[in-house]
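Take a look at the structure set out below.
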Amino acid sequence: VQLQASGGGLVQAGGSLRLSCTASGRTLSTYSVGWFRQAPGKEREFVAYIDSSGRTTYQSLSVDGRFTISRDNAENAVYLQMNSLKPEDTAVYYCAATPRSTLPLVSTMMALSTYDYWGRGTEVTVSS
């Protein structure tokens, strides 16, 4: 499955963006999907997870209450709604997928090694 993240851009602090992760080559509806981000000079970090049904989600503590992950399996897409953006949210955002329909442990949701497919990232810049 080929993934593509889109929707990034430049936004002022306090603003909002919605990122999209779309798939080609195969339906995304049976995959769990994660969003990750990598700021300049930093390691890639977990942001949010959603299982294949959309019933189970998890967000990192740094974005909890501000970011919401969702999916529309009819559209073969997963979204990351980002509100109340802060300058520290500036990063390249990546979506990733695993054919496992659900992940039982938070540690597994957060691990980069869990995900088999990665898309090209989309850049988010939040100005102060």
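Identifiers in this document derive from the order of the structure tokens: chains are assigned A, B, ..., residues are numbered from 1 separately in each chain, and ligands are numbered from 1 in order of occurrence.
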
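Shell of Asn73 (chain A) at 7 Å, with only C-alpha atoms counted and residues fewer than 2 places along the chain excluded, is Leu28, Ser29, Arg71, Glu75, Asn76 and Ala77 of chain A.
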
Using the chain letters and numbers from this document, which residues of region 44-128 of chain A does DSSP assign to strand (DSSP E), as a ChimeraX atom specification?
-> /A:45-50,57-59,67-72,77-82,91-98,117-118,122-127

Write out as a ChimeraX atom specification the residues lying within 12 Å of Val33 (chain A), counting only C-alpha atoms and excluding same-chain residues fewer than 6 positions away.
-> /A:1,3,5,20-23,46-54,56-58,69-71,73,76-80,94-103,108-112,114-119

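Distance-wise, CA of Ser128 (chain A) and CA of Glu88 (chain A) end up 9.6 Å apart.
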
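With only C-alpha atoms as the basis for measurement, A:Leu17 is the residue among A:Leu17, A:Leu105, A:Gly9, A:Arg37 that approaches Asn83 (chain A) most closely.
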
Identify, on the basis of only C-alpha atoms, every residue whose closest approach to Ser6 (chain A) does not exceed 9 Å; exclude the query and any residue fewer than 2 positions from it along the same chain; express the result as a PyMOL selection string.
-> chain A and resi 4+8+18-22+93+120-123

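Within chain A, DSSP run on the backbone puts these residues in helix (DSSP H, G or I): Pro87, Glu88, Asp89, Val106, Ser107, Thr108, Met109, Met110, Leu112, Ser113 and Thr114 of chain A.
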
Using all heavy atoms, can you export the residues from the last selection as a short mmCIF file (atom, residue, chain, number, x, y, z; two decimals), in the first residue's frame?
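again-v1.cif, written as the output of this step:
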```cif
data_model
loop_
_atom_site.label_atom_id
_atom_site.label_comp_id
_atom_site.auth_asym_id
_atom_site.auth_seq_id
_atom_site.Cartn_x
_atom_site.Cartn_y
_atom_site.Cartn_z
N PRO A 87 4.00 26.62 18.23
CA PRO A 87 5.25 26.57 17.47
C PRO A 87 5.99 25.23 17.62
O PRO A 87 6.62 24.76 16.67
CB PRO A 87 6.06 27.73 18.05
CG PRO A 87 5.01 28.70 18.49
CD PRO A 87 3.88 27.85 19.02
N GLU A 88 5.87 24.60 18.77
CA GLU A 88 6.54 23.32 18.98
C GLU A 88 5.90 22.17 18.20
O GLU A 88 6.43 21.05 18.20
CB GLU A 88 6.62 22.98 20.47
CG GLU A 88 5.30 23.07 21.21
CD GLU A 88 5.12 24.40 21.93
OE1 GLU A 88 5.44 25.46 21.33
OE2 GLU A 88 4.65 24.37 23.09
N ASP A 89 4.78 22.42 17.56
CA ASP A 89 4.17 21.42 16.68
C ASP A 89 4.80 21.43 15.29
O ASP A 89 4.48 20.58 14.45
CB ASP A 89 2.66 21.66 16.55
CG ASP A 89 1.91 21.45 17.85
OD1 ASP A 89 2.22 20.49 18.57
OD2 ASP A 89 1.03 22.28 18.14
N VAL A 106 -0.50 0.16 24.05
CA VAL A 106 -0.10 1.52 23.70
C VAL A 106 1.34 1.56 23.22
O VAL A 106 1.68 2.29 22.28
CB VAL A 106 -0.33 2.46 24.90
CG1 VAL A 106 0.33 3.81 24.67
CG2 VAL A 106 -1.81 2.61 25.17
N SER A 107 2.18 0.78 23.85
CA SER A 107 3.59 0.76 23.45
C SER A 107 3.75 0.32 22.00
O SER A 107 4.64 0.81 21.29
CB SER A 107 4.39 -0.17 24.38
OG SER A 107 3.85 -1.48 24.35
N THR A 108 2.90 -0.57 21.57
CA THR A 108 2.95 -1.03 20.17
C THR A 108 2.43 0.05 19.23
O THR A 108 2.96 0.25 18.15
CB THR A 108 2.12 -2.31 20.01
OG1 THR A 108 2.57 -3.28 20.96
CG2 THR A 108 2.27 -2.88 18.61
N MET A 109 1.39 0.73 19.65
CA MET A 109 0.84 1.83 18.84
C MET A 109 1.91 2.90 18.60
O MET A 109 1.96 3.51 17.54
CB MET A 109 -0.34 2.49 19.55
CG MET A 109 -1.52 1.59 19.81
SD MET A 109 -2.73 2.48 20.84
CE MET A 109 -3.87 1.14 21.24
N MET A 110 2.74 3.13 19.59
CA MET A 110 3.70 4.24 19.54
C MET A 110 5.01 3.88 18.87
O MET A 110 5.80 4.78 18.55
CB MET A 110 3.97 4.73 20.96
CG MET A 110 2.75 5.27 21.67
SD MET A 110 3.10 5.78 23.37
CE MET A 110 4.19 7.16 23.09
N LEU A 112 7.70 2.97 16.14
CA LEU A 112 7.91 3.11 14.69
C LEU A 112 8.01 1.75 14.02
O LEU A 112 7.52 1.56 12.90
CB LEU A 112 9.17 3.91 14.41
CG LEU A 112 9.07 5.43 14.41
CD1 LEU A 112 8.87 5.97 15.82
CD2 LEU A 112 10.31 6.04 13.78
N SER A 113 8.60 0.80 14.71
CA SER A 113 8.83 -0.52 14.11
C SER A 113 7.55 -1.31 13.88
O SER A 113 7.55 -2.30 13.16
CB SER A 113 9.78 -1.32 14.99
OG SER A 113 9.21 -1.48 16.28
N THR A 114 6.45 -0.87 14.49
CA THR A 114 5.17 -1.55 14.29
C THR A 114 4.65 -1.41 12.87
O THR A 114 3.97 -2.29 12.35
CB THR A 114 4.13 -0.98 15.28
OG1 THR A 114 4.53 -1.29 16.61
CG2 THR A 114 2.73 -1.49 15.00
#
```

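Taking CA of Trp35 (chain A) as the reference point, CA of Gly7 (chain A) is found at 13.1 Å.
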